[in-house]
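Student: This one is upload03.txt, compact mmCIF, C-alpha atoms.
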```txt
# COMPACT_ATOMS: atom_id res chain seq x y z
CA MET A 1 -20.18 -47.66 38.14
CA SER A 2 -18.63 -46.79 41.50
CA ASP A 3 -20.84 -47.30 44.52
CA SER A 4 -22.59 -44.22 45.83
CA GLY A 5 -25.04 -45.97 48.14
CA GLY A 6 -27.81 -46.17 45.55
CA ALA A 7 -28.26 -42.39 45.59
CA PRO A 8 -29.11 -40.71 42.30
CA TRP A 9 -26.40 -39.08 40.21
CA TRP A 10 -26.07 -35.75 38.49
CA VAL A 11 -24.49 -35.78 35.04
CA VAL A 12 -23.76 -32.78 32.80
CA VAL A 13 -22.62 -33.27 29.21
CA THR A 14 -21.75 -30.47 26.79
CA GLY A 15 -22.05 -31.04 23.07
CA ALA A 16 -24.71 -33.65 23.82
CA SER A 17 -26.56 -33.41 20.50
CA GLN A 18 -24.23 -35.54 18.40
CA GLY A 19 -21.03 -37.54 18.19
CA PHE A 20 -19.02 -38.24 21.32
CA GLY A 21 -21.28 -36.18 23.59
CA ALA A 22 -24.41 -38.03 22.52
CA ALA A 23 -22.56 -41.33 22.99
CA ILE A 24 -21.60 -40.36 26.55
CA CYS A 25 -25.26 -39.77 27.34
CA THR A 26 -26.59 -42.99 25.82
CA GLU A 27 -23.80 -45.26 27.07
CA LEU A 28 -23.87 -43.87 30.62
CA ALA A 29 -27.66 -43.76 30.97
CA PRO A 30 -28.21 -47.51 31.65
CA LEU A 31 -25.61 -47.39 34.43
CA LEU A 32 -27.29 -44.63 36.42
CA PRO A 33 -29.41 -45.25 39.54
CA PRO A 34 -33.13 -44.44 39.44
CA GLY A 35 -33.88 -40.77 40.00
CA SER A 36 -30.64 -39.59 38.44
CA ARG A 37 -30.60 -36.39 36.43
CA MET A 38 -28.70 -35.85 33.21
CA LEU A 39 -28.34 -32.40 31.65
CA GLY A 40 -27.36 -32.16 27.99
CA LEU A 41 -26.18 -28.83 26.57
CA ALA A 42 -25.83 -28.11 22.84
CA ARG A 43 -26.89 -25.70 20.09
CA SER A 44 -29.02 -28.20 18.14
CA GLN A 45 -32.55 -28.67 19.44
CA GLN A 46 -33.15 -31.51 17.00
CA GLY A 47 -29.96 -33.29 17.98
CA LEU A 48 -30.77 -32.95 21.67
CA ALA A 49 -34.24 -34.37 21.05
CA THR A 50 -32.67 -37.43 19.43
CA THR A 51 -30.30 -37.86 22.37
CA ALA A 52 -33.15 -37.43 24.85
CA ALA A 53 -35.18 -40.16 23.17
CA ALA A 54 -32.22 -42.54 23.20
CA VAL A 55 -31.46 -41.84 26.87
CA THR A 56 -35.08 -42.35 27.92
CA LYS A 57 -35.20 -45.63 26.01
CA ALA A 58 -31.96 -46.79 27.66
CA ASN A 59 -33.13 -45.90 31.17
CA PRO A 60 -36.70 -44.65 31.75
CA ALA A 61 -35.94 -44.24 35.46
CA ILE A 62 -33.75 -41.17 34.96
CA THR A 63 -34.50 -37.64 33.78
CA PHE A 64 -32.74 -36.14 30.76
CA SER A 65 -32.99 -32.37 30.38
CA PRO A 66 -32.07 -31.05 26.92
CA VAL A 67 -31.05 -27.40 27.02
CA VAL A 68 -30.32 -25.44 23.84
CA MET A 69 -27.39 -23.14 24.57
CA ASP A 70 -24.61 -21.51 22.59
CA LEU A 71 -21.62 -22.01 24.86
CA ALA A 72 -19.59 -19.45 22.94
CA THR A 73 -21.88 -16.64 24.10
CA ALA A 74 -23.30 -17.96 27.40
CA LYS A 75 -22.54 -16.00 30.57
CA ALA A 76 -21.82 -17.21 34.09
CA MET A 77 -25.39 -16.42 35.14
CA ASP A 78 -26.72 -18.59 32.28
CA TYR A 79 -24.79 -21.60 33.51
CA GLU A 80 -25.75 -20.99 37.12
CA ALA A 81 -29.45 -20.70 36.29
CA THR A 82 -29.44 -23.77 34.03
CA LEU A 83 -27.66 -25.97 36.57
CA LYS A 84 -29.92 -24.81 39.39
CA ASP A 85 -33.13 -25.27 37.39
CA HIS A 86 -32.36 -28.75 36.07
CA LEU A 87 -30.21 -30.24 38.82
CA GLY A 88 -30.52 -28.27 42.02
CA THR A 89 -34.29 -27.88 42.26
CA GLY A 90 -36.97 -30.32 43.37
CA GLN A 91 -34.82 -33.31 44.31
CA SER A 92 -35.14 -34.41 47.92
CA THR A 93 -32.21 -36.83 47.82
CA PRO A 94 -28.79 -35.25 47.20
CA PRO A 95 -26.67 -36.92 44.53
CA GLY A 96 -24.17 -39.60 45.45
CA GLN A 97 -22.05 -38.69 42.44
CA ALA A 98 -21.82 -35.64 40.21
CA LEU A 99 -20.10 -35.91 36.83
CA LEU A 100 -19.30 -33.10 34.41
CA PHE A 101 -18.15 -33.98 30.90
CA HIS A 102 -16.55 -31.05 29.07
CA ASN A 103 -17.02 -32.43 25.57
CA ALA A 104 -18.11 -29.50 23.42
CA GLY A 105 -15.43 -28.03 21.22
CA SER A 106 -14.59 -27.09 17.66
CA LEU A 107 -11.74 -27.66 15.23
CA GLY A 108 -11.70 -24.02 14.24
CA THR A 109 -9.78 -22.53 11.36
CA VAL A 110 -7.40 -25.18 10.04
CA LYS A 111 -4.85 -23.08 8.21
CA TYR A 112 -1.28 -22.02 8.88
CA LEU A 113 -0.65 -19.58 11.71
CA ARG A 114 0.97 -17.06 9.36
CA GLU A 115 -2.41 -16.68 7.65
CA MET A 116 -4.47 -15.96 10.77
CA ASP A 117 -5.86 -12.41 10.51
CA ASP A 118 -9.42 -12.42 11.89
CA ALA A 119 -9.42 -11.26 15.52
CA THR A 120 -13.16 -11.79 15.92
CA ARG A 121 -12.94 -15.38 14.77
CA LEU A 122 -10.04 -16.02 17.15
CA SER A 123 -11.98 -14.57 20.10
CA THR A 124 -15.04 -16.65 19.26
CA TYR A 125 -12.92 -19.79 19.07
CA PHE A 126 -11.44 -19.31 22.52
CA ASP A 127 -14.79 -18.21 23.98
CA LEU A 128 -16.18 -21.63 23.05
CA ASN A 129 -13.18 -23.81 23.69
CA ILE A 130 -11.66 -22.19 26.78
CA SER A 131 -13.82 -19.48 28.39
CA SER A 132 -17.05 -21.49 28.38
CA VAL A 133 -15.27 -24.40 30.03
CA ILE A 134 -14.00 -22.19 32.85
CA LEU A 135 -17.40 -20.58 33.44
CA LEU A 136 -19.42 -23.81 33.38
CA ASN A 137 -16.93 -25.61 35.57
CA ALA A 138 -16.96 -22.81 38.14
CA ALA A 139 -20.77 -22.75 38.22
CA PHE A 140 -20.88 -26.53 38.62
CA MET A 141 -18.38 -26.49 41.50
CA ARG A 142 -20.28 -23.70 43.26
CA LEU A 143 -23.51 -25.69 43.05
CA ILE A 144 -21.81 -28.80 44.40
CA SER A 145 -20.46 -26.79 47.34
CA THR A 146 -24.04 -26.07 48.48
CA LEU A 147 -24.92 -29.75 48.87
CA SER A 148 -25.01 -31.51 52.18
CA GLY A 149 -23.27 -34.82 52.68
CA LYS A 150 -20.45 -36.41 50.73
CA VAL A 151 -20.67 -36.21 46.94
CA ILE A 152 -18.17 -37.96 44.67
CA VAL A 153 -17.29 -35.39 42.02
CA LYS A 154 -15.64 -36.28 38.71
CA VAL A 155 -14.76 -33.77 36.01
CA ILE A 156 -13.82 -35.16 32.60
CA ASN A 157 -12.27 -33.01 29.89
CA VAL A 158 -12.45 -34.50 26.40
CA SER A 159 -8.92 -33.89 25.22
CA SER A 160 -6.85 -34.94 22.21
CA LEU A 161 -3.40 -36.03 21.12
CA CYS A 162 -3.26 -32.45 19.84
CA ALA A 163 -2.96 -31.27 23.45
CA LEU A 164 0.48 -32.89 23.49
CA GLU A 165 1.74 -32.78 19.90
CA PRO A 166 1.76 -30.04 17.24
CA PHE A 167 -0.25 -30.62 14.06
CA LYS A 168 0.57 -28.32 11.15
CA SER A 169 -2.31 -25.93 10.30
CA TRP A 170 -4.13 -26.98 13.46
CA GLY A 171 -2.67 -24.25 15.65
CA LEU A 172 -5.99 -23.17 17.14
CA TYR A 173 -7.14 -26.68 17.95
CA CYS A 174 -3.80 -27.70 19.47
CA THR A 175 -3.70 -24.53 21.57
CA GLY A 176 -7.27 -24.96 22.77
CA LYS A 177 -6.75 -28.59 23.76
CA ALA A 178 -3.43 -27.90 25.47
CA GLY A 179 -4.97 -25.01 27.36
CA ARG A 180 -7.88 -27.11 28.54
CA ASP A 181 -5.57 -29.89 29.72
CA MET A 182 -3.64 -27.41 31.84
CA LEU A 183 -6.83 -25.89 33.23
CA PHE A 184 -7.85 -29.25 34.59
CA LYS A 185 -4.39 -30.06 35.90
CA VAL A 186 -4.72 -26.84 37.90
CA LEU A 187 -8.20 -27.86 39.09
CA ALA A 188 -6.78 -31.18 40.28
CA VAL A 189 -4.23 -29.49 42.54
CA GLU A 190 -6.59 -26.71 43.65
CA ASP A 191 -9.28 -29.16 44.72
CA PRO A 192 -7.83 -32.59 45.60
CA GLY A 193 -11.30 -33.81 46.56
CA VAL A 194 -12.38 -33.72 42.91
CA ARG A 195 -11.38 -36.52 40.52
CA VAL A 196 -10.19 -34.87 37.30
CA LEU A 197 -9.38 -36.61 34.02
CA ASN A 198 -8.18 -35.38 30.62
CA TYR A 199 -9.30 -38.13 28.23
CA ALA A 200 -8.17 -38.25 24.60
CA PRO A 201 -10.80 -40.42 22.86
CA GLY A 202 -8.69 -41.34 19.83
CA PRO A 203 -9.47 -40.59 16.17
CA LEU A 204 -13.26 -40.67 16.03
CA ASP A 205 -15.46 -41.14 12.98
CA THR A 206 -17.43 -37.90 13.37
CA GLY A 207 -18.38 -34.75 11.51
CA MET A 208 -15.23 -33.09 12.83
CA GLN A 209 -13.22 -35.75 11.00
CA VAL A 210 -15.01 -34.91 7.77
CA HIS A 211 -14.05 -31.26 8.29
CA ALA A 212 -10.44 -32.30 8.99
CA ARG A 213 -10.22 -34.37 5.81
CA THR A 214 -11.68 -31.69 3.57
CA MET A 215 -10.59 -28.34 5.02
CA THR A 216 -7.14 -28.88 6.58
CA GLN A 217 -4.63 -26.69 4.75
CA ASP A 218 -1.57 -28.86 5.35
CA ASP A 219 -1.39 -31.64 2.76
CA ASP A 220 0.37 -34.15 5.02
CA ILE A 221 -2.12 -33.82 7.86
CA ARG A 222 -5.09 -33.93 5.49
CA LYS A 223 -3.77 -37.02 3.75
CA THR A 224 -3.13 -38.75 7.07
CA PHE A 225 -6.76 -38.42 8.14
CA THR A 226 -8.02 -39.39 4.70
CA SER A 227 -5.93 -42.56 4.83
CA MET A 228 -7.22 -43.40 8.32
CA LYS A 229 -10.78 -43.18 7.03
CA GLU A 230 -10.05 -45.28 3.95
CA GLU A 231 -8.21 -47.91 5.99
CA GLY A 232 -10.97 -48.19 8.61
CA LYS A 233 -8.76 -46.90 11.43
CA LEU A 234 -11.25 -44.38 12.83
CA LEU A 235 -13.01 -45.32 16.06
CA SER A 236 -16.71 -45.28 16.80
CA CYS A 237 -17.79 -42.88 19.51
CA GLN A 238 -19.49 -45.72 21.36
CA SER A 239 -16.33 -47.83 21.59
CA SER A 240 -14.30 -44.94 22.97
CA VAL A 241 -16.99 -43.97 25.47
CA LYS A 242 -17.17 -47.55 26.75
CA LYS A 243 -13.44 -47.44 27.46
CA LEU A 244 -13.79 -44.10 29.19
CA LEU A 245 -16.57 -45.33 31.45
CA GLN A 246 -14.64 -48.48 32.33
CA PHE A 247 -11.62 -46.36 33.17
CA LEU A 248 -13.69 -44.07 35.38
CA GLU A 249 -15.15 -47.13 37.11
CA LYS A 250 -11.69 -48.47 37.98
CA ASP A 251 -10.79 -45.01 39.35
CA GLU A 252 -7.07 -45.77 39.39
CA PHE A 253 -5.79 -42.67 37.59
CA LYS A 254 -3.93 -39.75 39.12
CA SER A 255 -6.23 -36.76 39.22
CA GLY A 256 -5.38 -34.33 36.44
CA ASP A 257 -3.72 -36.94 34.24
CA HIS A 258 -3.96 -37.02 30.44
CA VAL A 259 -4.96 -40.51 29.29
CA ASP A 260 -5.35 -41.68 25.71
CA PHE A 261 -7.80 -44.28 24.36
CA PHE A 262 -4.88 -46.44 23.30
CA GLU A 263 -3.40 -46.37 26.80
CA VAL A 264 -6.52 -47.56 28.61
```
How does the structure come out when it is put into structure tokens?
Tutor:
Amino acid sequence: MSDSGGAPWWVVVTGASQGFGAAICTELAPLLPPGSRMLGLARSQQGLATTAAAVTKANPAITFSPVVMDLATAKAMDYEATLKDHLGTGQSTPPGQALLFHNAGSLGTVKYLREMDDATRLSTYFDLNISSVILLNAAFMRLISTLSGKVIVKVINVSSLCALEPFKSWGLYCTGKAGRDMLFKVLAVEDPGVRVLNYAPGPLDTGMQVHARTMTQDDDIRKTFTSMKEEGKLLSCQSSVKKLLQFLEKDEFKSGDHVDFFEV
């Protein structure tokens, strides 16, 4: 990865217990300098334990901190305390790079907009997919601002084609992804010193895909994803993460851009 003078890195990954988030942790771990710290946030203690074991095996010279947290209900003070405890305490050498991967998210209710009638469920969806992203990102940037010396900061939002195109009965997911893309476009212009990327990882073979194939109300959309699975067109998380890391290494993108797996 990009040169940071051999200094350790800080890495934060949300949704680190499974799927794409776990793959980010395990694929990035071998590339990190000794003494680096990686913080994985997720709801599943068991999943985080599995990720922690894989990260330690990939690079015993770094520290992985698994933190069980429900991002949908976490407050600003929770993020601040977690970041300070696991990144900002007890390290004599400041990081050369600090990376934040906003990966956690949910598909939500996959039915037509005309049938949406549960205000509590809507609020919970946006608490997880929008509000938590804003709060964690703000806490991360505040912690970075306290560091001495130059730190290369990269913020990666795991996006989707759904941020750009409407999918019938996926109104919540499309809105959440589009909103997150715009949030990070704003971050890119507010703070030009931060490298910001919206990365759409392609159609991944994950539990979310299973949910999409079985629960999507719209027949056409459901059949499309079923056909992709049957025809072997879904991507592994590892292959998409490898492309992402290579793209970050080249560092040739415009900050705030939306980039798709198939464009890299």
Student: Name all residues at most 12 Å from segment 16-19 of chain A (count only C-alpha atoms; drop same-chain ones fewer than 6 positions away) and give them as a ChimeraX atom specification.
Tutor: /A:25-26,38-55,64-69,100-105,201,204-209,235-241
Student: Pick from A:Ala74, A:Val13, A:Ala58, A:Leu197: nearest to Glu27 of chain A, with only C-alpha atoms counted?
Tutor: A:Ala58
Student: Measure the distance from atom CA of Lys154 of chain A to atom CA of Leu172 of chain A in Å and round it to one decimal.
Tutor: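 Between atom CA of Lys154 of chain A and atom CA of Leu172 of chain A the gap works out to 27.0 Å.
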Student: When you count only C-alpha atoms, which of these residues is closest to Lys84 of chain A: A:Pro60, A:Thr120, A:His258, A:Leu147?
Tutor: A:Leu147
Student: Quick check, in Å to one decimal: how far apart do atom CA of Phe184 of chain A and atom CA of Gly256 of chain A lie?
Tutor: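 Here the two named atoms are 5.9 Å from each other.
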Student: With distances taken over all atoms listed in the file, which of A:Gln97, A:Ser227, A:Thr56, A:Ser160 is nearest to Phe262 of chain A?
Tutor: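 Distance minimum relative to Phe262 of chain A lands on A:Ser160.
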Student: Could you list, as a PyMOL selection string, every residue within 10 Å of Val110 of chain A, counting all atoms listed in the file and ignoring same-chain residues fewer than 3 positions away?
Tutor: chain A and resi 107+113+116+167-173+211-212+215-218
Student: May I have the protein, DNA and RNA residues with an atom at most 9 Å from (-33.3, -35.8, 47.3), counting all atoms listed in the file in the file's coordinates, returned as JSON, numbers by chain?
Tutor: {"A": [7, 8, 35, 90, 91, 92, 93, 94, 95]}
Student: Using all atoms listed in the file, pick whichever of A:Pro192, A:Gly179, A:Gly232, A:Gly96 has the shortest atom-to-atom distance to Leu164 of chain A.
Tutor: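 Closest to Leu164 of chain A, using all atoms listed in the file: A:Gly179.
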Student: Using all atoms listed in the file, can you tell me which of A:His86, A:Lys242, A:Lys75, A:Lys150 comes closest to Asp127 of chain A?
Tutor: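 Closest residue, counting all atoms listed in the file: A:Lys75.
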Student: Ranking A:Leu71, A:Met228, A:Val189, A:Ala119 by minimum distance to Ser132 of chain A and counting only C-alpha atoms, which one comes first?
Tutor: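 Among the listed residues, A:Leu71 lies closest to Ser132 of chain A.
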Student: What is the distance, in Å and to one decimal place, between atom CA of Tyr125 of chain A and atom CA of Arg142 of chain A?
Tutor: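 About the pair atom CA of Tyr125 of chain A and atom CA of Arg142 of chain A: they are 25.6 Å apart.
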Student: Determine the axis-aligned bounding box of all atoms of segment 5-17 of chain A present in the file, pad each side by 8 Å, and express its centre and edge lengths in Å to one decimal place as JSON.
Tutor:
```
{"center_x": -25.4, "center_y": -38.3, "center_z": 34.3, "size_x": 23.4, "size_y": 31.7, "size_z": 43.6}
```
Student: Compute the distance from (-15.0, -33.7, 42.0) to each atom, counting only C-alpha atoms, keep the residues with any atom at most 9 Å away, and return them as a PyMOL selection string; use the coordinates of the file.
Tutor: chain A and resi 97-100+141+144+151-155+188+191-196
Student: Kindly reconstruct segment 225-248 of chain A with N, CA, C and O atoms and present the result as a PDB file, in the coordinates of the input.
Tutor:
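Okay, this is what ended up in rebuild.pdb:
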```pdb
ATOM      1  N   PHE A 225      -5.395 -38.126   7.691  1.00  0.00           N
ATOM      2  CA  PHE A 225      -6.760 -38.420   8.140  1.00  0.00           C
ATOM      3  C   PHE A 225      -7.585 -39.074   7.038  1.00  0.00           C
ATOM      4  O   PHE A 225      -8.443 -39.922   7.324  1.00  0.00           O
ATOM      5  N   THR A 226      -7.332 -38.730   5.807  1.00  0.00           N
ATOM      6  CA  THR A 226      -8.020 -39.390   4.700  1.00  0.00           C
ATOM      7  C   THR A 226      -7.654 -40.864   4.648  1.00  0.00           C
ATOM      8  O   THR A 226      -8.527 -41.728   4.469  1.00  0.00           O
ATOM      9  N   SER A 227      -6.375 -41.159   4.841  1.00  0.00           N
ATOM     10  CA  SER A 227      -5.930 -42.560   4.830  1.00  0.00           C
ATOM     11  C   SER A 227      -6.528 -43.335   6.000  1.00  0.00           C
ATOM     12  O   SER A 227      -6.921 -44.500   5.838  1.00  0.00           O
ATOM     13  N   MET A 228      -6.632 -42.715   7.160  1.00  0.00           N
ATOM     14  CA  MET A 228      -7.220 -43.400   8.320  1.00  0.00           C
ATOM     15  C   MET A 228      -8.667 -43.778   8.046  1.00  0.00           C
ATOM     16  O   MET A 228      -9.108 -44.866   8.421  1.00  0.00           O
ATOM     17  N   LYS A 229      -9.396 -42.881   7.381  1.00  0.00           N
ATOM     18  CA  LYS A 229     -10.780 -43.180   7.030  1.00  0.00           C
ATOM     19  C   LYS A 229     -10.845 -44.327   6.033  1.00  0.00           C
ATOM     20  O   LYS A 229     -11.624 -45.288   6.209  1.00  0.00           O
ATOM     21  N   GLU A 230     -10.036 -44.257   5.000  1.00  0.00           N
ATOM     22  CA  GLU A 230     -10.050 -45.280   3.950  1.00  0.00           C
ATOM     23  C   GLU A 230      -9.618 -46.648   4.465  1.00  0.00           C
ATOM     24  O   GLU A 230     -10.094 -47.687   3.982  1.00  0.00           O
ATOM     25  N   GLU A 231      -8.732 -46.657   5.452  1.00  0.00           N
ATOM     26  CA  GLU A 231      -8.210 -47.910   5.990  1.00  0.00           C
ATOM     27  C   GLU A 231      -9.014 -48.434   7.187  1.00  0.00           C
ATOM     28  O   GLU A 231      -8.663 -49.442   7.786  1.00  0.00           O
ATOM     29  N   GLY A 232     -10.106 -47.741   7.519  1.00  0.00           N
ATOM     30  CA  GLY A 232     -10.970 -48.190   8.610  1.00  0.00           C
ATOM     31  C   GLY A 232     -10.336 -48.057   9.986  1.00  0.00           C
ATOM     32  O   GLY A 232     -10.663 -48.823  10.897  1.00  0.00           O
ATOM     33  N   LYS A 233      -9.471 -47.062  10.160  1.00  0.00           N
ATOM     34  CA  LYS A 233      -8.760 -46.900  11.430  1.00  0.00           C
ATOM     35  C   LYS A 233      -9.447 -45.910  12.383  1.00  0.00           C
ATOM     36  O   LYS A 233      -8.961 -45.701  13.491  1.00  0.00           O
ATOM     37  N   LEU A 234     -10.527 -45.290  11.942  1.00  0.00           N
ATOM     38  CA  LEU A 234     -11.250 -44.380  12.830  1.00  0.00           C
ATOM     39  C   LEU A 234     -12.111 -45.177  13.801  1.00  0.00           C
ATOM     40  O   LEU A 234     -12.625 -46.248  13.476  1.00  0.00           O
ATOM     41  N   LEU A 235     -12.272 -44.646  14.996  1.00  0.00           N
ATOM     42  CA  LEU A 235     -13.010 -45.320  16.060  1.00  0.00           C
ATOM     43  C   LEU A 235     -14.459 -44.847  16.107  1.00  0.00           C
ATOM     44  O   LEU A 235     -14.757 -43.694  15.806  1.00  0.00           O
ATOM     45  N   SER A 236     -15.344 -45.716  16.527  1.00  0.00           N
ATOM     46  CA  SER A 236     -16.710 -45.280  16.800  1.00  0.00           C
ATOM     47  C   SER A 236     -16.749 -44.555  18.134  1.00  0.00           C
ATOM     48  O   SER A 236     -15.970 -44.856  19.047  1.00  0.00           O
ATOM     49  N   CYS A 237     -17.642 -43.603  18.237  1.00  0.00           N
ATOM     50  CA  CYS A 237     -17.790 -42.880  19.510  1.00  0.00           C
ATOM     51  C   CYS A 237     -18.170 -43.830  20.636  1.00  0.00           C
ATOM     52  O   CYS A 237     -17.682 -43.704  21.763  1.00  0.00           O
ATOM     53  N   GLN A 238     -19.023 -44.790  20.335  1.00  0.00           N
ATOM     54  CA  GLN A 238     -19.490 -45.720  21.360  1.00  0.00           C
ATOM     55  C   GLN A 238     -18.337 -46.541  21.949  1.00  0.00           C
ATOM     56  O   GLN A 238     -18.260 -46.742  23.164  1.00  0.00           O
ATOM     57  N   SER A 239     -17.428 -47.007  21.091  1.00  0.00           N
ATOM     58  CA  SER A 239     -16.330 -47.830  21.590  1.00  0.00           C
ATOM     59  C   SER A 239     -15.403 -47.026  22.491  1.00  0.00           C
ATOM     60  O   SER A 239     -14.913 -47.532  23.510  1.00  0.00           O
ATOM     61  N   SER A 240     -15.169 -45.772  22.139  1.00  0.00           N
ATOM     62  CA  SER A 240     -14.300 -44.940  22.970  1.00  0.00           C
ATOM     63  C   SER A 240     -14.968 -44.568  24.283  1.00  0.00           C
ATOM     64  O   SER A 240     -14.323 -44.543  25.341  1.00  0.00           O
ATOM     65  N   VAL A 241     -16.268 -44.285  24.235  1.00  0.00           N
ATOM     66  CA  VAL A 241     -16.990 -43.970  25.470  1.00  0.00           C
ATOM     67  C   VAL A 241     -16.994 -45.163  26.418  1.00  0.00           C
ATOM     68  O   VAL A 241     -16.821 -45.007  27.636  1.00  0.00           O
ATOM     69  N   LYS A 242     -17.177 -46.351  25.893  1.00  0.00           N
ATOM     70  CA  LYS A 242     -17.170 -47.550  26.750  1.00  0.00           C
ATOM     71  C   LYS A 242     -15.840 -47.655  27.496  1.00  0.00           C
ATOM     72  O   LYS A 242     -15.808 -47.967  28.693  1.00  0.00           O
ATOM     73  N   LYS A 243     -14.737 -47.404  26.801  1.00  0.00           N
ATOM     74  CA  LYS A 243     -13.440 -47.440  27.460  1.00  0.00           C
ATOM     75  C   LYS A 243     -13.324 -46.368  28.532  1.00  0.00           C
ATOM     76  O   LYS A 243     -12.784 -46.600  29.614  1.00  0.00           O
ATOM     77  N   LEU A 244     -13.818 -45.188  28.221  1.00  0.00           N
ATOM     78  CA  LEU A 244     -13.790 -44.100  29.190  1.00  0.00           C
ATOM     79  C   LEU A 244     -14.553 -44.466  30.453  1.00  0.00           C
ATOM     80  O   LEU A 244     -14.060 -44.273  31.580  1.00  0.00           O
ATOM     81  N   LEU A 245     -15.744 -44.990  30.296  1.00  0.00           N
ATOM     82  CA  LEU A 245     -16.570 -45.330  31.450  1.00  0.00           C
ATOM     83  C   LEU A 245     -15.952 -46.448  32.273  1.00  0.00           C
ATOM     84  O   LEU A 245     -16.007 -46.443  33.513  1.00  0.00           O
ATOM     85  N   GLN A 246     -15.338 -47.410  31.612  1.00  0.00           N
ATOM     86  CA  GLN A 246     -14.640 -48.480  32.330  1.00  0.00           C
ATOM     87  C   GLN A 246     -13.466 -47.927  33.119  1.00  0.00           C
ATOM     88  O   GLN A 246     -13.200 -48.348  34.254  1.00  0.00           O
ATOM     89  N   PHE A 247     -12.769 -46.970  32.516  1.00  0.00           N
ATOM     90  CA  PHE A 247     -11.620 -46.360  33.170  1.00  0.00           C
ATOM     91  C   PHE A 247     -12.058 -45.550  34.392  1.00  0.00           C
ATOM     92  O   PHE A 247     -11.413 -45.582  35.447  1.00  0.00           O
ATOM     93  N   LEU A 248     -13.156 -44.825  34.249  1.00  0.00           N
ATOM     94  CA  LEU A 248     -13.690 -44.070  35.380  1.00  0.00           C
ATOM     95  C   LEU A 248     -14.143 -45.008  36.499  1.00  0.00           C
ATOM     96  O   LEU A 248     -13.992 -44.704  37.685  1.00  0.00           O
TER      97      LEU A 248
END
```
